[in-house]
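Shown here: structure.txt, compact mmCIF, C-alpha atoms (C1' of nucleotides).
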```txt
# COMPACT_ATOMS: atom_id res chain seq x y z
CA MET A 1 47.70 -45.10 -17.00
CA THR A 2 51.01 -43.95 -15.62
CA GLU A 3 52.96 -46.02 -18.02
CA ALA A 4 55.84 -43.61 -18.16
CA GLY A 5 54.21 -41.01 -20.29
CA LYS A 6 51.65 -40.92 -23.05
CA PRO A 7 51.67 -44.04 -25.12
CA GLY A 8 51.67 -42.16 -28.36
CA PHE A 9 51.68 -38.50 -28.99
CA SER A 10 53.75 -37.38 -31.92
CA ASP A 11 56.25 -40.12 -31.22
CA CYS A 12 55.01 -42.04 -34.20
CA ASN A 13 57.89 -42.45 -36.56
CA ASN A 14 55.54 -42.94 -39.45
CA ALA A 15 53.45 -39.88 -38.75
CA THR A 16 56.54 -37.74 -38.36
CA LEU A 17 57.93 -39.08 -41.59
CA ARG A 18 54.73 -38.39 -43.50
CA ARG A 19 54.47 -34.93 -42.11
CA ALA A 20 57.98 -34.11 -43.24
CA ALA A 21 57.27 -35.70 -46.61
CA ARG A 22 54.23 -33.49 -47.13
CA SER A 23 56.20 -30.43 -46.18
CA LEU A 24 59.25 -31.16 -48.27
CA GLY A 25 57.18 -32.49 -51.12
CA ARG A 26 55.36 -29.24 -51.37
CA PHE A 27 58.64 -27.37 -51.47
CA TYR A 28 60.07 -29.46 -54.28
CA ASP A 29 56.76 -29.43 -56.09
CA ASP A 30 56.74 -25.67 -56.06
CA ALA A 31 60.26 -25.57 -57.36
CA LEU A 32 59.48 -27.98 -60.17
CA ALA A 33 56.14 -26.40 -61.02
CA PRO A 34 57.51 -24.38 -63.97
CA SER A 35 58.38 -27.66 -65.67
CA GLY A 36 54.91 -29.02 -65.17
CA LEU A 37 56.28 -32.04 -63.35
CA LYS A 38 55.51 -33.10 -59.81
CA SER A 39 58.43 -34.05 -57.62
CA THR A 40 57.27 -37.64 -57.75
CA GLN A 41 57.24 -37.65 -61.51
CA PHE A 42 60.64 -36.05 -61.58
CA GLY A 43 61.96 -38.75 -59.31
CA LEU A 44 60.44 -41.41 -61.46
CA LEU A 45 61.85 -40.00 -64.68
CA PHE A 46 65.21 -39.74 -63.02
CA GLN A 47 65.12 -43.31 -61.84
CA ILE A 48 64.33 -44.46 -65.35
CA HIS A 49 67.05 -42.22 -66.69
CA ILE A 50 69.78 -43.71 -64.54
CA SER A 51 68.65 -47.25 -65.22
CA ASP A 52 69.05 -49.08 -68.46
CA GLU A 53 65.59 -49.61 -69.88
CA PRO A 54 64.48 -51.09 -66.60
CA ALA A 55 61.60 -53.49 -66.25
CA MET A 56 58.67 -52.10 -64.30
CA GLY A 57 59.34 -54.51 -61.49
CA ALA A 58 62.90 -53.27 -61.21
CA ILE A 59 61.78 -49.67 -60.93
CA ALA A 60 59.16 -50.53 -58.37
CA GLU A 61 61.73 -52.37 -56.32
CA ALA A 62 64.26 -49.55 -56.50
CA LEU A 63 61.71 -47.01 -55.39
CA ILE A 64 60.12 -49.40 -52.92
CA MET A 65 56.72 -48.89 -54.40
CA ASP A 66 53.90 -51.17 -55.33
CA LEU A 67 54.11 -52.43 -58.89
CA SER A 68 50.55 -51.46 -59.65
CA ALA A 69 51.11 -48.04 -58.11
CA LEU A 70 54.04 -47.61 -60.43
CA GLY A 71 51.88 -48.55 -63.36
CA HIS A 72 49.34 -45.93 -62.38
CA THR A 73 51.95 -43.26 -61.79
CA LEU A 74 53.53 -44.02 -65.12
CA LYS A 75 50.34 -43.42 -67.08
CA PRO A 76 50.35 -39.62 -67.06
CA LEU A 77 53.99 -39.67 -68.12
CA ILE A 78 53.25 -42.01 -70.98
CA ARG A 79 50.21 -40.00 -71.96
CA ASP A 80 52.32 -36.85 -72.04
CA GLY A 81 54.92 -38.56 -74.16
CA TYR A 82 57.78 -38.50 -71.68
CA VAL A 83 58.06 -42.23 -71.31
CA GLU A 84 57.39 -45.28 -73.43
CA THR A 85 57.28 -48.97 -72.76
CA PHE A 86 58.12 -52.04 -74.78
CA PRO A 87 58.10 -55.76 -74.12
CA ASP A 88 61.26 -57.55 -73.17
CA LYS A 89 62.76 -59.60 -75.96
CA ASP A 90 63.10 -62.80 -73.98
CA ASP A 91 60.18 -62.65 -71.64
CA ARG A 92 56.94 -61.24 -72.93
CA ARG A 93 55.62 -60.82 -69.41
CA VAL A 94 58.26 -58.17 -68.75
CA LYS A 95 57.58 -54.62 -69.83
CA ARG A 96 60.57 -52.34 -70.06
CA VAL A 97 60.54 -48.59 -69.75
CA ARG A 98 62.57 -45.80 -71.28
CA LEU A 99 62.47 -42.05 -71.64
CA THR A 100 61.45 -40.58 -74.96
CA PRO A 101 63.51 -37.69 -76.36
CA GLN A 102 60.89 -35.32 -74.98
CA GLY A 103 61.13 -37.08 -71.67
CA GLN A 104 64.88 -36.64 -71.66
CA ALA A 105 64.49 -32.97 -72.50
CA LYS A 106 61.88 -32.49 -69.83
CA LEU A 107 64.11 -34.19 -67.31
CA ASP A 108 67.00 -31.91 -68.22
CA GLU A 109 64.74 -28.93 -67.81
CA ALA A 110 63.48 -30.16 -64.47
CA LEU A 111 66.96 -30.96 -63.24
CA LYS A 112 67.83 -27.27 -63.38
CA LEU A 113 64.82 -26.39 -61.27
CA TRP A 114 65.49 -29.29 -58.96
CA SER A 115 69.07 -28.29 -58.31
CA VAL A 116 67.93 -24.88 -57.18
CA ALA A 117 65.55 -26.38 -54.66
CA GLN A 118 68.11 -28.94 -53.62
CA ARG A 119 70.74 -26.27 -53.03
CA GLN A 120 68.28 -24.11 -51.16
CA PHE A 121 67.40 -27.01 -48.92
CA GLU A 122 71.00 -27.91 -48.25
CA ASP A 123 71.84 -24.32 -47.52
CA LYS A 124 69.25 -24.41 -44.80
CA VAL A 125 70.13 -27.69 -43.16
CA GLY A 126 73.71 -28.08 -44.27
CA ALA A 127 75.00 -30.52 -46.83
CA GLU A 128 76.50 -32.68 -44.12
CA GLN A 129 73.28 -32.89 -42.22
CA ALA A 130 71.27 -33.50 -45.35
CA ALA A 131 73.51 -36.34 -46.41
CA LYS A 132 73.26 -37.84 -42.97
CA LEU A 133 69.50 -37.56 -43.04
CA ARG A 134 69.29 -39.23 -46.43
CA ALA A 135 71.52 -42.01 -45.18
CA ALA A 136 69.27 -42.51 -42.18
CA LEU A 137 66.19 -42.52 -44.39
CA ASP A 138 67.73 -45.01 -46.76
CA ALA A 139 68.57 -47.20 -43.81
CA VAL A 140 64.97 -47.00 -42.61
CA ALA A 141 63.62 -47.68 -46.06
CA ASP A 142 65.80 -50.73 -46.47
CA LEU A 143 65.03 -52.08 -43.02
CA ASP A 144 63.55 -55.50 -43.13
CA LEU A 145 60.44 -54.63 -41.21
CA GLY A 146 58.59 -57.36 -42.93
CA MET A 147 55.56 -59.27 -41.97
CA PRO A 148 55.33 -60.52 -38.40
CA THR A 149 55.33 -64.09 -37.15
CA VAL A 150 57.97 -65.04 -39.65
CA ALA A 151 60.22 -67.55 -38.02
CA PRO A 152 63.23 -68.54 -40.13
CA SER A 153 62.77 -72.17 -39.26
CA SER A 154 65.94 -73.44 -40.87
CA MET B 1 81.79 -38.81 -51.53
CA THR B 2 79.28 -38.48 -54.22
CA GLU B 3 80.36 -40.01 -57.47
CA ALA B 4 81.72 -36.66 -58.57
CA GLY B 5 79.58 -36.48 -61.63
CA LYS B 6 75.85 -36.91 -61.85
CA PRO B 7 74.14 -33.77 -60.72
CA GLY B 8 71.37 -35.67 -59.13
CA PHE B 9 71.24 -39.37 -58.63
CA SER B 10 69.51 -40.44 -55.49
CA ASP B 11 70.79 -37.37 -53.73
CA CYS B 12 67.33 -35.88 -53.84
CA ASN B 13 66.23 -35.29 -50.30
CA ASN B 14 62.64 -35.38 -51.32
CA ALA B 15 62.87 -38.63 -53.25
CA THR B 16 64.71 -40.27 -50.40
CA LEU B 17 62.12 -39.06 -47.95
CA ARG B 18 59.23 -40.33 -50.03
CA ARG B 19 60.86 -43.67 -50.53
CA ALA B 20 61.29 -44.10 -46.82
CA ALA B 21 57.73 -42.92 -46.25
CA ARG B 22 56.37 -45.55 -48.62
CA SER B 23 58.41 -48.23 -46.94
CA LEU B 24 57.58 -47.29 -43.39
CA GLY B 25 54.00 -46.51 -44.26
CA ARG B 26 53.51 -49.99 -45.52
CA PHE B 27 54.95 -51.40 -42.33
CA TYR B 28 52.66 -49.40 -40.08
CA ASP B 29 49.73 -50.03 -42.38
CA ASP B 30 50.26 -53.74 -42.09
CA ALA B 31 50.44 -53.49 -38.34
CA LEU B 32 47.25 -51.48 -38.15
CA ALA B 33 45.40 -53.56 -40.71
CA PRO B 34 43.51 -55.63 -38.10
CA SER B 35 41.86 -52.43 -36.92
CA GLY B 36 40.78 -51.50 -40.40
CA LEU B 37 42.57 -48.17 -40.15
CA LYS B 38 45.34 -46.91 -42.36
CA SER B 39 48.36 -45.40 -40.66
CA THR B 40 47.31 -42.02 -41.98
CA GLN B 41 43.86 -42.35 -40.50
CA PHE B 42 45.33 -43.49 -37.23
CA GLY B 43 47.55 -40.44 -37.17
CA LEU B 44 44.63 -38.21 -37.91
CA LEU B 45 42.43 -39.72 -35.22
CA PHE B 46 45.27 -39.37 -32.79
CA GLN B 47 45.83 -35.75 -33.66
CA ILE B 48 42.17 -35.05 -33.08
CA HIS B 49 42.31 -37.03 -29.88
CA ILE B 50 45.13 -34.99 -28.37
CA SER B 51 43.59 -31.72 -29.43
CA ASP B 52 40.52 -30.18 -27.92
CA GLU B 53 37.82 -30.25 -30.55
CA PRO B 54 40.19 -28.63 -33.00
CA ALA B 55 39.08 -26.62 -35.97
CA MET B 56 39.91 -28.17 -39.31
CA GLY B 57 42.41 -25.45 -40.02
CA ALA B 58 44.21 -26.18 -36.78
CA ILE B 59 44.53 -29.86 -37.62
CA ALA B 60 45.73 -29.10 -41.10
CA GLU B 61 48.35 -26.76 -39.73
CA ALA B 62 49.53 -29.22 -37.11
CA LEU B 63 49.91 -31.97 -39.68
CA ILE B 64 51.24 -29.60 -42.32
CA MET B 65 48.65 -30.69 -44.78
CA ASP B 66 46.40 -28.90 -47.18
CA LEU B 67 43.07 -27.95 -45.67
CA SER B 68 41.12 -29.44 -48.53
CA ALA B 69 43.20 -32.60 -48.34
CA LEU B 70 42.28 -32.86 -44.71
CA GLY B 71 38.64 -32.46 -45.60
CA HIS B 72 38.90 -35.29 -48.08
CA THR B 73 40.80 -37.54 -45.70
CA LEU B 74 38.27 -36.90 -43.01
CA LYS B 75 35.32 -38.08 -45.08
CA PRO B 76 35.85 -41.82 -44.75
CA LEU B 77 36.29 -41.40 -41.01
CA ILE B 78 33.08 -39.44 -40.74
CA ARG B 79 31.29 -41.92 -42.96
CA ASP B 80 32.45 -44.76 -40.72
CA GLY B 81 31.29 -42.91 -37.65
CA TYR B 82 34.66 -42.38 -36.01
CA VAL B 83 34.60 -38.64 -36.24
CA GLU B 84 32.01 -35.92 -36.26
CA THR B 85 32.07 -32.23 -36.94
CA PHE B 86 30.13 -29.28 -35.62
CA PRO B 87 30.21 -25.55 -36.21
CA ASP B 88 32.07 -23.30 -33.85
CA LYS B 89 29.82 -21.36 -31.51
CA ASP B 90 31.33 -17.96 -32.23
CA ASP B 91 32.36 -18.28 -35.85
CA ARG B 92 30.12 -20.23 -38.13
CA ARG B 93 32.84 -20.47 -40.74
CA VAL B 94 34.84 -22.66 -38.41
CA LYS B 95 34.09 -26.35 -38.31
CA ARG B 96 35.35 -28.23 -35.29
CA VAL B 97 36.12 -31.90 -35.14
CA ARG B 98 35.89 -34.52 -32.43
CA LEU B 99 36.02 -38.26 -32.05
CA THR B 100 32.81 -40.16 -31.54
CA PRO B 101 32.71 -42.86 -28.86
CA GLN B 102 33.29 -45.42 -31.59
CA GLY B 103 36.16 -43.33 -32.85
CA GLN B 104 37.68 -43.28 -29.39
CA ALA B 105 37.25 -47.02 -29.09
CA LYS B 106 38.75 -47.60 -32.49
CA LEU B 107 41.68 -45.40 -31.62
CA ASP B 108 42.28 -47.33 -28.41
CA GLU B 109 42.18 -50.54 -30.38
CA ALA B 110 44.58 -49.19 -32.97
CA LEU B 111 46.94 -47.82 -30.35
CA LYS B 112 47.65 -51.33 -29.19
CA LEU B 113 48.53 -52.42 -32.69
CA TRP B 114 50.50 -49.27 -33.25
CA SER B 115 52.63 -49.70 -30.17
CA VAL B 116 53.69 -53.12 -31.36
CA ALA B 117 54.87 -51.72 -34.67
CA GLN B 118 56.45 -48.77 -32.96
CA ARG B 119 58.36 -50.99 -30.57
CA GLN B 120 59.40 -53.29 -33.36
CA PHE B 121 60.72 -50.34 -35.31
CA GLU B 122 62.61 -48.90 -32.39
CA ASP B 123 64.10 -52.26 -31.60
CA LYS B 124 65.55 -52.28 -35.07
CA VAL B 125 66.94 -48.78 -35.22
CA GLY B 126 67.27 -48.03 -31.54
CA ALA B 127 65.11 -45.66 -29.55
CA GLU B 128 67.89 -43.10 -29.47
CA GLN B 129 68.33 -43.15 -33.18
CA ALA B 130 64.60 -43.09 -33.80
CA ALA B 131 64.14 -40.08 -31.58
CA LYS B 132 66.98 -38.34 -33.32
CA LEU B 133 65.48 -39.12 -36.69
CA ARG B 134 62.09 -37.80 -35.66
CA ALA B 135 63.71 -34.64 -34.39
CA ALA B 136 65.50 -34.18 -37.68
CA LEU B 137 62.30 -34.79 -39.61
CA ASP B 138 60.40 -32.33 -37.48
CA ALA B 139 63.11 -29.79 -38.09
CA VAL B 140 62.84 -30.37 -41.83
CA ALA B 141 59.08 -30.19 -41.74
CA ASP B 142 59.14 -26.92 -39.85
CA LEU B 143 61.80 -25.39 -42.06
CA ASP B 144 60.70 -22.21 -43.66
CA LEU B 145 61.38 -23.29 -47.20
CA GLY B 146 58.74 -20.94 -48.37
CA MET B 147 58.04 -19.24 -51.60
CA PRO B 148 60.92 -17.61 -53.46
CA THR B 149 61.44 -13.95 -54.33
CA VAL B 150 60.44 -12.81 -50.88
CA ALA B 151 61.84 -9.35 -50.39
CA PRO B 152 61.17 -7.82 -46.98
CA SER B 153 60.34 -4.55 -48.66
CA SER B 154 57.90 -2.55 -46.60
C1' DC C 1 25.44 0.57 -41.85
C1' DT C 2 27.01 -1.02 -46.70
C1' DT C 3 31.08 -2.69 -49.12
C1' DA C 4 35.70 -4.45 -49.77
C1' DA C 5 39.04 -7.60 -48.04
C1' DT C 6 39.95 -11.68 -45.37
C1' DT C 7 39.22 -16.18 -43.59
C1' DA C 8 37.46 -21.20 -43.30
C1' DG C 9 35.73 -24.81 -45.78
C1' DT C 10 33.81 -27.27 -49.95
C1' DG C 11 33.89 -29.50 -54.44
C1' DG C 12 35.98 -30.71 -58.59
C1' DC C 13 39.96 -32.45 -60.85
C1' DA C 14 44.43 -34.79 -61.06
C1' DT C 15 48.15 -37.42 -59.30
C1' DA C 16 50.09 -40.79 -55.75
C1' DT C 17 49.79 -45.33 -53.66
C1' DG C 18 48.15 -49.73 -52.13
C1' DC C 19 45.55 -54.08 -52.23
C1' DC C 20 43.15 -57.60 -54.63
C1' DA C 21 41.46 -60.25 -58.39
C1' DC C 22 42.54 -61.60 -62.91
C1' DT C 23 45.07 -62.43 -67.29
C1' DG C 24 48.97 -63.70 -69.90
C1' DT C 25 53.70 -65.95 -69.68
C1' DC C 26 57.16 -68.99 -68.19
C1' DT C 27 58.93 -73.05 -65.78
C1' DG C 28 59.26 -77.33 -63.68
C1' DC C 29 57.45 -82.02 -63.50
C1' DG C 30 55.59 -86.25 -64.64
C1' DC D 1 53.97 -82.73 -74.39
C1' DG D 2 50.65 -80.79 -70.99
C1' DC D 3 49.30 -78.97 -66.74
C1' DA D 4 50.07 -76.93 -62.00
C1' DG D 5 52.33 -73.12 -59.93
C1' DA D 6 55.34 -69.05 -60.07
C1' DC D 7 55.87 -64.36 -62.13
C1' DA D 8 54.98 -59.68 -64.29
C1' DG D 9 51.58 -56.50 -65.23
C1' DT D 10 46.70 -54.61 -65.60
C1' DG D 11 42.35 -52.78 -63.92
C1' DG D 12 39.20 -51.68 -60.48
C1' DC D 13 38.45 -49.68 -56.10
C1' DA D 14 39.66 -46.81 -52.13
C1' DT D 15 42.37 -43.59 -49.67
C1' DA D 16 45.94 -39.69 -49.58
C1' DT D 17 47.14 -35.07 -51.10
C1' DG D 18 47.32 -30.79 -53.57
C1' DC D 19 45.65 -26.86 -56.29
C1' DC D 20 42.09 -23.90 -57.84
C1' DA D 21 37.70 -21.76 -58.07
C1' DC D 22 33.82 -20.72 -55.35
C1' DT D 23 30.71 -19.95 -51.28
C1' DA D 24 29.63 -18.50 -46.72
C1' DA D 25 30.76 -15.77 -42.80
C1' DT D 26 33.55 -12.28 -40.31
C1' DT D 27 36.11 -8.24 -40.08
C1' DA D 28 37.87 -3.87 -41.67
C1' DA D 29 36.83 0.34 -43.94
C1' DG D 30 34.47 4.51 -45.05
```
I need this file expressed as structure tokens, please.
Amino acid sequence: MTEAGKPGFSDCNNATLRRAARSLGRFYDDALAPSGLKSTQFGLLFQIHISDEPAMGAIAEALIMDLSALGHTLKPLIRDGYVETFPDKDDRRVKRVRLTPQGQAKLDEALKLWSVAQRQFEDKVGAEQAAKLRAALDAVADLDLGMPTVAPSS
Amino acid sequence: MTEAGKPGFSDCNNATLRRAARSLGRFYDDALAPSGLKSTQFGLLFQIHISDEPAMGAIAEALIMDLSALGHTLKPLIRDGYVETFPDKDDRRVKRVRLTPQGQAKLDEALKLWSVAQRQFEDKVGAEQAAKLRAALDAVADLDLGMPTVAPSS
DNA sequence: CTTAATTAGTGGCATATGCCACTGTCTGCG
DNA sequence: CGCAGACAGTGGCATATGCCACTAATTAAG
């Protein structure tokens, strides 16, 4: 039992990360509320915006999210007319995504609200610190913490 | 430097945080899979475990999550017999929560799986770095990025 | 002691995410 | 060419989270 301190406590990297995500998510959500978009939807629209009619798989990969989850998350945005999809010319399995004019307009609107929240956040923690944190988070996200028992035989 | 142009890009602290959360969440989920618990459920059981028959509100506050969300998240755990609730002796509005024996056993089981994932993660990023990251995330989570237009009038 | 204001949870509704099974497409082989 | 296997998405199911409206219970007034 005396294994040098509690085995767990709030040392869980994942739990800490989720907690922060809930907290920050709420903050950004509040800021974006006037636009009617959630912070997740804003992020998704933005990702589509900076990509060139990306395939769903490409978006999912960029955001490190499950393809089916992306499909589900996309539905409200399609329903509300912010996004539309169309089949790839060369591969009918591939479905590409783009913003509609309304989607573009909504994104522009949301960007203004977002920048306020973003600035407010960075004022609190410092731009330097924030950038460092994002870098660390990106590093974590891109870590290859894949499945176990994977021995690169060759 | 940022590409001196786009107002946003992936500079969104929230988007970056969520992305990392999805990535890491998946990793911990995979590790905990054999126990049948999700990483979120594990975290919740643990929080209950380290508290003393906490009231729902207390748990929600500790985890920075919406009280109703907590209620929802708790349901599967109650249904599966890992957790049980009971009214507070002095205030019947308050509902307290505790682990059942099975819940305790399940937590013990999951802790073993968790520690493997935790170690694996810290081996990758370094315990130092991980601790620093958690500290930063806790700081962000506890930031008082509250509601706007708050004038300390009276 | 009644009544208003406050507090703790619940339930409904909507989005966020993931996994799995399944359906079209494509591709590589024989 | 024709079929097995890889690939991209879809749909169903389950959990995660939040907000809002509402109820029950406690406390603060008067």
Note to self: Given the point (43.6, -38.1, -49.3) in the file's coordinates, find the residues that have an atom at most 7 Å from it, counting all atoms listed in the file, and give them as an MDAnalysis selection string.
What the structure shows: (chainID B and resid 69 72:73) or (chainID D and resid 15:17)
Checklist line | Pairwise distance for CA of Ala117 in chain B and CA of Leu32 in chain B, rounded to one decimal in Å | finding: 8.4 Å
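With chain A fixed and chain B moved onto it by least squares, the Cα RMSD over every paired residue reaches 2.0 Å.
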For the contact check between chain D and chain A, emit one row per residue of chain D within 9 Å, containing the shortest atom pair and the distance in Å rounded to one decimal, counting all atoms listed in the file, chain then rising number order, as CSV.
```
residue,atom,partner,partner_atom,distance
D:DC7,C1',A:Arg93,CA,8.1
D:DA8,C1',A:Arg93,CA,5.3
D:DG9,C1',A:Arg93,CA,7.2
D:DT10,C1',A:Ser68,CA,7.8
D:DT17,C1',A:Arg22,CA,8.3
D:DG18,C1',A:Arg26,CA,8.5
```
Next item on the list: Define the interface residues of chain C facing chain B as those within 10 Å, counting all atoms listed in the file, and report them as a PyMOL selection string.
Entry: chain C and resi 7-11+17-18
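Proximity to Leu133 in chain B at 8 Å, evaluated using all atoms listed in the file and with sequence-adjacent residues fewer than 3 positions away removed, yields Leu133 and Ala136 of chain A; Gln129, Ala130, Ala136 and Leu137 of chain B.
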Next item on the list: Find the distance between CA of Val116 in chain B and CA of Gln102 in chain B and write it in Å to one decimal.
Entry: 21.8 Å
Add whatever atoms are absent from range 25-53 of chain B to reach N, CA and C atoms, and provide the output as an mmCIF file, in the coordinates of the input.
```
data_model
loop_
_atom_site.group_PDB
_atom_site.id
_atom_site.type_symbol
_atom_site.label_atom_id
_atom_site.label_comp_id
_atom_site.auth_asym_id
_atom_site.auth_seq_id
_atom_site.Cartn_x
_atom_site.Cartn_y
_atom_site.Cartn_z
ATOM 1 N N GLY B 25 55.453 -46.578 -44.243
ATOM 2 C CA GLY B 25 54.000 -46.510 -44.260
ATOM 3 C C GLY B 25 53.401 -47.888 -44.430
ATOM 4 N N ARG B 26 54.002 -48.644 -45.284
ATOM 5 C CA ARG B 26 53.510 -49.990 -45.520
ATOM 6 C C ARG B 26 53.616 -50.827 -44.248
ATOM 7 N N PHE B 27 54.738 -50.661 -43.571
ATOM 8 C CA PHE B 27 54.950 -51.400 -42.330
ATOM 9 C C PHE B 27 53.878 -51.073 -41.290
ATOM 10 N N TYR B 28 53.662 -49.801 -41.066
ATOM 11 C CA TYR B 28 52.660 -49.400 -40.080
ATOM 12 C C TYR B 28 51.253 -49.752 -40.568
ATOM 13 N N ASP B 29 51.042 -49.656 -41.840
ATOM 14 C CA ASP B 29 49.730 -50.030 -42.380
ATOM 15 C C ASP B 29 49.429 -51.491 -42.103
ATOM 16 N N ASP B 30 50.427 -52.307 -42.332
ATOM 17 C CA ASP B 30 50.260 -53.740 -42.090
ATOM 18 C C ASP B 30 49.919 -53.990 -40.624
ATOM 19 N N ALA B 31 50.652 -53.293 -39.769
ATOM 20 C CA ALA B 31 50.440 -53.490 -38.340
ATOM 21 C C ALA B 31 49.044 -53.069 -37.910
ATOM 22 N N LEU B 32 48.556 -52.006 -38.526
ATOM 23 C CA LEU B 32 47.250 -51.480 -38.150
ATOM 24 C C LEU B 32 46.095 -52.164 -38.874
ATOM 25 N N ALA B 33 46.419 -52.915 -39.883
ATOM 26 C CA ALA B 33 45.400 -53.560 -40.710
ATOM 27 C C ALA B 33 44.266 -54.215 -39.920
ATOM 28 N N PRO B 34 44.579 -54.971 -38.861
ATOM 29 C CA PRO B 34 43.510 -55.630 -38.100
ATOM 30 C C PRO B 34 42.447 -54.661 -37.593
ATOM 31 N N SER B 35 42.816 -53.414 -37.419
ATOM 32 C CA SER B 35 41.860 -52.430 -36.920
ATOM 33 C C SER B 35 41.032 -51.834 -38.056
ATOM 34 N N GLY B 36 41.494 -52.067 -39.262
ATOM 35 C CA GLY B 36 40.780 -51.500 -40.400
ATOM 36 C C GLY B 36 41.178 -50.064 -40.695
ATOM 37 N N LEU B 37 42.118 -49.547 -39.931
ATOM 38 C CA LEU B 37 42.570 -48.170 -40.150
ATOM 39 C C LEU B 37 43.889 -48.151 -40.921
ATOM 40 N N LYS B 38 44.056 -47.115 -41.721
ATOM 41 C CA LYS B 38 45.340 -46.910 -42.360
ATOM 42 C C LYS B 38 46.190 -46.111 -41.379
ATOM 43 N N SER B 39 47.490 -46.128 -41.585
ATOM 44 C CA SER B 39 48.360 -45.400 -40.660
ATOM 45 C C SER B 39 48.059 -43.906 -40.708
ATOM 46 N N THR B 40 47.637 -43.441 -41.863
ATOM 47 C CA THR B 40 47.310 -42.020 -41.980
ATOM 48 C C THR B 40 46.061 -41.695 -41.171
ATOM 49 N N GLN B 41 45.095 -42.578 -41.234
ATOM 50 C CA GLN B 41 43.860 -42.350 -40.500
ATOM 51 C C GLN B 41 44.116 -42.424 -39.000
ATOM 52 N N PHE B 42 44.969 -43.367 -38.632
ATOM 53 C CA PHE B 42 45.330 -43.490 -37.230
ATOM 54 C C PHE B 42 45.959 -42.192 -36.746
ATOM 55 N N GLY B 43 46.882 -41.679 -37.541
ATOM 56 C CA GLY B 43 47.550 -40.440 -37.170
ATOM 57 C C GLY B 43 46.585 -39.287 -37.039
ATOM 58 N N LEU B 44 45.619 -39.272 -37.935
ATOM 59 C CA LEU B 44 44.630 -38.210 -37.910
ATOM 60 C C LEU B 44 43.728 -38.316 -36.688
ATOM 61 N N LEU B 45 43.265 -39.516 -36.404
ATOM 62 C CA LEU B 45 42.430 -39.720 -35.220
ATOM 63 C C LEU B 45 43.202 -39.318 -33.971
ATOM 64 N N PHE B 46 44.469 -39.689 -33.960
ATOM 65 C CA PHE B 46 45.270 -39.370 -32.790
ATOM 66 C C PHE B 46 45.432 -37.866 -32.620
ATOM 67 N N GLN B 47 45.674 -37.208 -33.709
ATOM 68 C CA GLN B 47 45.830 -35.750 -33.660
ATOM 69 C C GLN B 47 44.571 -35.099 -33.112
ATOM 70 N N ILE B 48 43.436 -35.589 -33.565
ATOM 71 C CA ILE B 48 42.170 -35.050 -33.080
ATOM 72 C C ILE B 48 42.016 -35.356 -31.598
ATOM 73 N N HIS B 49 42.420 -36.572 -31.263
ATOM 74 C CA HIS B 49 42.310 -37.030 -29.880
ATOM 75 C C HIS B 49 43.084 -36.141 -28.911
ATOM 76 N N ILE B 50 44.306 -35.779 -29.281
ATOM 77 C CA ILE B 50 45.130 -34.990 -28.370
ATOM 78 C C ILE B 50 44.829 -33.493 -28.429
ATOM 79 N N SER B 51 43.961 -33.135 -29.355
ATOM 80 C CA SER B 51 43.590 -31.720 -29.430
ATOM 81 C C SER B 51 42.229 -31.583 -28.772
ATOM 82 N N ASP B 52 41.807 -30.354 -28.561
ATOM 83 C CA ASP B 52 40.520 -30.180 -27.920
ATOM 84 C C ASP B 52 39.513 -29.668 -28.938
ATOM 85 N N GLU B 53 38.788 -30.610 -29.530
ATOM 86 C CA GLU B 53 37.820 -30.250 -30.550
ATOM 87 C C GLU B 53 38.402 -29.194 -31.481
#
```
